[in-house]
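These notes concern the structure reproduced below.
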Amino acid sequence: MKNSKSSQRLLSSPYIAWAVIFIIVPLCMVFYYGLTDKTGAFTFENIAAIMSAEHAKALWLSLGLSLISTVICFFIAYPLAMILANMNVNQHSFIVLIFILPMWMNFLLRTLAWQTLLEKTGVINNVLSFLHLPSLNIINTPYAIVLGMVYNFLPFMVLPLYNSLVKIDPNVINAAKDLGANNVQTFFKITFPLSIPGIISGITMVFIPALTTFVISNLLGGSKILLIGNVIEESFTQAGNWHLGSGLSIVLMIFIIVNMVASAIFDKDGEGSAL
Amino acid sequence: MKKYLSVFCMSTAVLLSLAGCGTGTSGENGEVVVYNWGEYLDPEVLDIFEEETGIKVIYDEFETNEIMYPKVESGASEYDVICPSDYMIQKMIENDLLAELNFDNMPNAKANIGKQYWEQSQQFDPENKYSVPYCWGTVGILYNKTMVDEPVDSWSILWDEEYKDNILMQDSVRDAFMVALKLNGYSMNSTDVSELETAKNALIEQKPLVQAYVIDQVRDKMIGNEAAIGVIYSGEAIFTQRENPDLEYVIPKEGTNVWIDSWVMTKDSQNKENAEKFIDFMCRPDIALKNFEYITYSTPNDAARDLIEDEDIKNSPVAFVDLSQYSNLETYQYLGEDGDALYNELWKEVKSN
């Protein structure tokens with residue numbers, strides 16, 4: 001007994017070391033920089049900076065765009081996950097593979113590919129003009145950013161939904177039908193409530209990366225649309241103001257924590273997040 | 001586009017080279033860590049240097065001076081040789097980040113770099129102690145002759161409604177404000193709040209017309225006919241014209257920025273001798289010529305210019321413009337921490353608008 005405990009501790013030590021070095025220490029540094037000014041004195045100024053017009057606007061825009069992306073992802077992913085779950089193919093791993101496959105390509109390359117597709121003289125517009133159709137001018141607008149978010153984060157919505165849907169016992173659904181429920185009633189009374197853990201986890205996994213992204217808005221927004229992620233990135237890289245960048249990151253963390261608490265409440269077994 | 005690709009490639013390269021160090025494959029005569037602009041020398045030159053000297057080059061790239069500075073200041077990366085621009089060199093000298101160069105070890109630098117460029121360098125390096133000029137040029141307007149019919153000679157064309165969604169601006173704070181300040185007849189080193197407010201408002205007014213704020217991508221987008229007008233560094237102009245003959249480069253009549261990028265050595269450099277060898281190697285005429293042909297940025301190396309065989313390039317009004325015909329050219333000055341903060345604040349207002 002004693003032995004297995006100490007061997008457990010030994011085995012977990014690499015993970016603990018990893019967590020301390022790459023999660024705890026950086027987090028402490030973010031809080032240190034976020035709560036101090038250039039002289040090292042304690043201040044809330046960097047956090048209060050979120051109230052300034054430019055920062056607040058960037059934050060609202062980020063929240064808005066990531067919310068829209070999450071909703072779109074949900075409405076695309078739910079039917080898809082249901083179709084996949086009902087396909088009855090006993091090839092779970094194959095389906096996972098289909099969705100993981102695009103992720104083998106670098107995220108930046110996939111986003112750059114969208115730039116090439118959407119450009120004024122890009123692939124899509126060339127095809128459209130060949131067919132004498134009106135051209136598509138969404139590059140460097142918020143639409144392109146939402147498109148990039150939906151495209152990049154869709155698998156993170158599909159997989160948890162699929163996971164929670166395949167776990168529903170078919171007998172439960174058969175019982176509902178036996179008792180006279182039609183398809184719509186079965187869906188709203190049985191399938192949907194049982195898939196809520198997957199929904200919550202899918203929302204978290206799309207909303208958080210969408211909220212914090214700066215690459216998608218840079219590449220597909222032509223740097224014209226300032227999201228909160230861009231503000232933070234630029235305070236580190238361009239302005240060299242680590243204190244402001246860290247302070248704004250703390251504000252962003254609040255939104256992330258709220259989201260994660262919600263997902264912890266609804267998804268107690270953590271089943272939705274099992275990829 | 002290049003930004004992310006090059007960051008990705010370079011981080012992989014740095015990781016690989018670090019792994020290389022671990023296994024003891026550094027050159028027989030040690031190494032030198034170089035931090036340069038993206039695509040700012042002929043990669044073959046590095047191979048020649050390694051072969052001739054036995055010094056291993058660890059090469060890393062940045063996209064703007066502002067990105068480079070915090071990395072060097074924090075001391076996280078041990079760079080030996082860096083290639084910043086004028087005002088950034090001034091800032092680095094003021095903040096004691098640079099080491100004095102020993103020119104006795106650098107015969108090529110003294111002999112080959114033209115006198116006028118040393119004089120120009122004195123604006124940011126008053127005694128020519130810290131820097132060796134590598135490239136110079138202007139910032140101007142690149143336009144596509146098939147899309148723009150009227151003569152282009154002023155920054156004001158960037159505010160012309162007719163070219164809505166066809167204008168590319170520089171996504172770097174000093175260059176963007178330079179355009180707006182010069183348009184209004186102010187100095188591009190202004191720290192006057194009301195002048196900067198005017199410039200900021202001009203940039204906000206311009207924003208709906210701008211297709212995108214980009215840096216290196218101006219080149220690719222202009223070559224691909226993606227936009228009609230772009231703000232670009234003169235060094236890119238020759239390259240873009242080679243790829244797309246419809247493009248033309250002009251220096252606007254309101255004046256512009258004349259810049260120099262120079263090699264400097266960091267104060268904390270562990271390989272000072274190798275660093276000086278590297279800088280001197282870059283000043284060798286054949287090497288400077290190789291770099292010029294590859295990157296097409298104007299070289300201050302007179303001996304290299306003499307070696308250029310193509311007379312059109314040698315006397316090109318773009319690559320080797322006679323600056324004396326312009327009266328309102330300026331070089332960026334370091335504006336101090338408050339000045340930088342003010343510019344950044346105003347730029348953020350432009351971007352978030």
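Residue numbering restarts at 1 in every chain; chains get A, B, ... in the order shown in the structure tokens, and ligands count up from 1 in that same order.
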
As a PDB file with C-alpha atoms, in the first residue's frame, could you give me every residue of chain B near chain A (at most 7 Å apart, counting only C-alpha atoms)?
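Output below, filename iface-v1.pdb:
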ATOM      1  CA  MET B   1       2.123  35.920 -44.212  1.00  0.00           C
ATOM      2  CA  GLU B  66       9.794  47.023 -31.827  1.00  0.00           C
ATOM      3  CA  ILE B  67       9.585  43.239 -31.755  1.00  0.00           C
ATOM      4  CA  PRO B  70      12.238  43.660 -25.858  1.00  0.00           C
ATOM      5  CA  ALA B 212      -5.164  46.051 -44.863  1.00  0.00           C
ATOM      6  CA  TYR B 213      -2.330  47.066 -42.553  1.00  0.00           C
ATOM      7  CA  VAL B 214       0.572  44.824 -43.459  1.00  0.00           C
ATOM      8  CA  GLU B 226      -4.206  42.607 -54.946  1.00  0.00           C
ATOM      9  CA  ASN B 344       1.591  53.621 -29.260  1.00  0.00           C
ATOM     10  CA  GLU B 349      -6.841  54.527 -31.095  1.00  0.00           C
ATOM     11  CA  LYS B 351      -6.531  50.611 -34.925  1.00  0.00           C
ATOM     12  CA  SER B 352      -9.542  50.241 -32.647  1.00  0.00           C
TER      13      SER B 352
END

What lies within 9 Å of segment 194-206 of chain A using only C-alpha atoms, ignoring chain neighbours under 6 positions off, as a ChimeraX atom specification?
-> /A:66,69-71,73-74,78,149-150,153-165,167-168,256,259-260,262-264,266-273

So that I can see what lies close to Thr213 of chain A, please list as a short mmCIF file (atom, residue, chain, number, x, y, z; two decimals) with C-alpha atoms, in the first residue's frame the residues with an atom at most 9 Å from it, counting only C-alpha atoms and leaving out residues fewer than 3 positions away in the same chain.
data_model
loop_
_atom_site.label_atom_id
_atom_site.label_comp_id
_atom_site.auth_asym_id
_atom_site.auth_seq_id
_atom_site.Cartn_x
_atom_site.Cartn_y
_atom_site.Cartn_z
CA SER A 62 -13.97 39.73 -29.16
CA MET A 149 -12.87 30.91 -36.15
CA ILE A 208 -12.13 30.26 -25.17
CA PRO A 209 -9.72 29.93 -28.11
CA ALA A 210 -11.97 32.21 -30.19
CA ILE A 216 -7.01 34.84 -37.06
CA SER A 217 -7.93 38.49 -36.72
CA LEU A 227 -9.57 42.18 -30.84
CA ILE A 228 -8.54 41.94 -27.21
CA GLY A 229 -6.02 39.26 -28.18
CA ASN A 230 -4.39 41.70 -30.59
#

Residue list (helix (DSSP H, G or I), DSSP) for segment 8-111 of chain A, as a PyMOL selection string | chain A and resi 8-34+45-51+53-86+92-104+107-111

Would you mind listing what lies within 6 Å of Ala228 of chain B as a PyMOL selection string, with only C-alpha atoms counted and same-chain residues fewer than 4 positions away left out?
-> chain B and resi 143-144+147+166

Could you name the residues that touch Glu45 of chain A at 8 Å or less, counting only C-alpha atoms, but leaving out those on the same chain fewer than 4 positions away, as a VMD selection string?
-> chain A and resid 35 37 49

Please provide as number ranges by chain all residues within 8 Å of Pro300 of chain B, with the sequence filter that same-chain residues fewer than 3 positions apart are discarded (counting only C-alpha atoms).
-> B: 113-114, 117, 133-136

Test item: residues at most 12 Å from Leu342 of chain B, only C-alpha atoms, excluding those fewer than 2 positions along its chain, as a ChimeraX atom specification = /A:239 /B:173-174,177,190-194,196-197,200,335-340,344-349

Min atom-atom distance to Asp149 of chain B from the set B:Ala303, B:Ile229, B:Ala319, B:Ile279, counting only C-alpha atoms, belongs to B:Ile229

Proximity check segment 228-274 of chain B to segment 321-332 of chain B, 7 Å, nearest pairs one decimal Å, only C-alpha atoms, as JSON lines:
{"residue": "B:Glu254", "atom": "CA", "partner": "B:Asn328", "partner_atom": "CA", "distance": 6.8}
{"residue": "B:Gly255", "atom": "CA", "partner": "B:Asn328", "partner_atom": "CA", "distance": 4.8}
{"residue": "B:Thr256", "atom": "CA", "partner": "B:Leu329", "partner_atom": "CA", "distance": 5.2}
{"residue": "B:Asn257", "atom": "CA", "partner": "B:Glu330", "partner_atom": "CA", "distance": 5.2}
{"residue": "B:Val258", "atom": "CA", "partner": "B:Thr331", "partner_atom": "CA", "distance": 5.2}
{"residue": "B:Trp259", "atom": "CA", "partner": "B:Thr331", "partner_atom": "CA", "distance": 5.8}

Could you turn the residues from that selection into a file that holds C-alpha atoms, as an mmCIF file, in the first residue's frame?
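File part_38.cif, as written:
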data_model
loop_
_atom_site.group_PDB
_atom_site.id
_atom_site.type_symbol
_atom_site.label_atom_id
_atom_site.label_comp_id
_atom_site.auth_asym_id
_atom_site.auth_seq_id
_atom_site.Cartn_x
_atom_site.Cartn_y
_atom_site.Cartn_z
ATOM 1 C CA GLU B 254 6.147 66.090 -49.014
ATOM 2 C CA GLY B 255 9.283 64.193 -48.085
ATOM 3 C CA THR B 256 9.847 60.915 -46.400
ATOM 4 C CA ASN B 257 12.037 58.818 -44.157
ATOM 5 C CA VAL B 258 15.631 58.056 -45.102
ATOM 6 C CA TRP B 259 16.696 55.113 -43.039
#
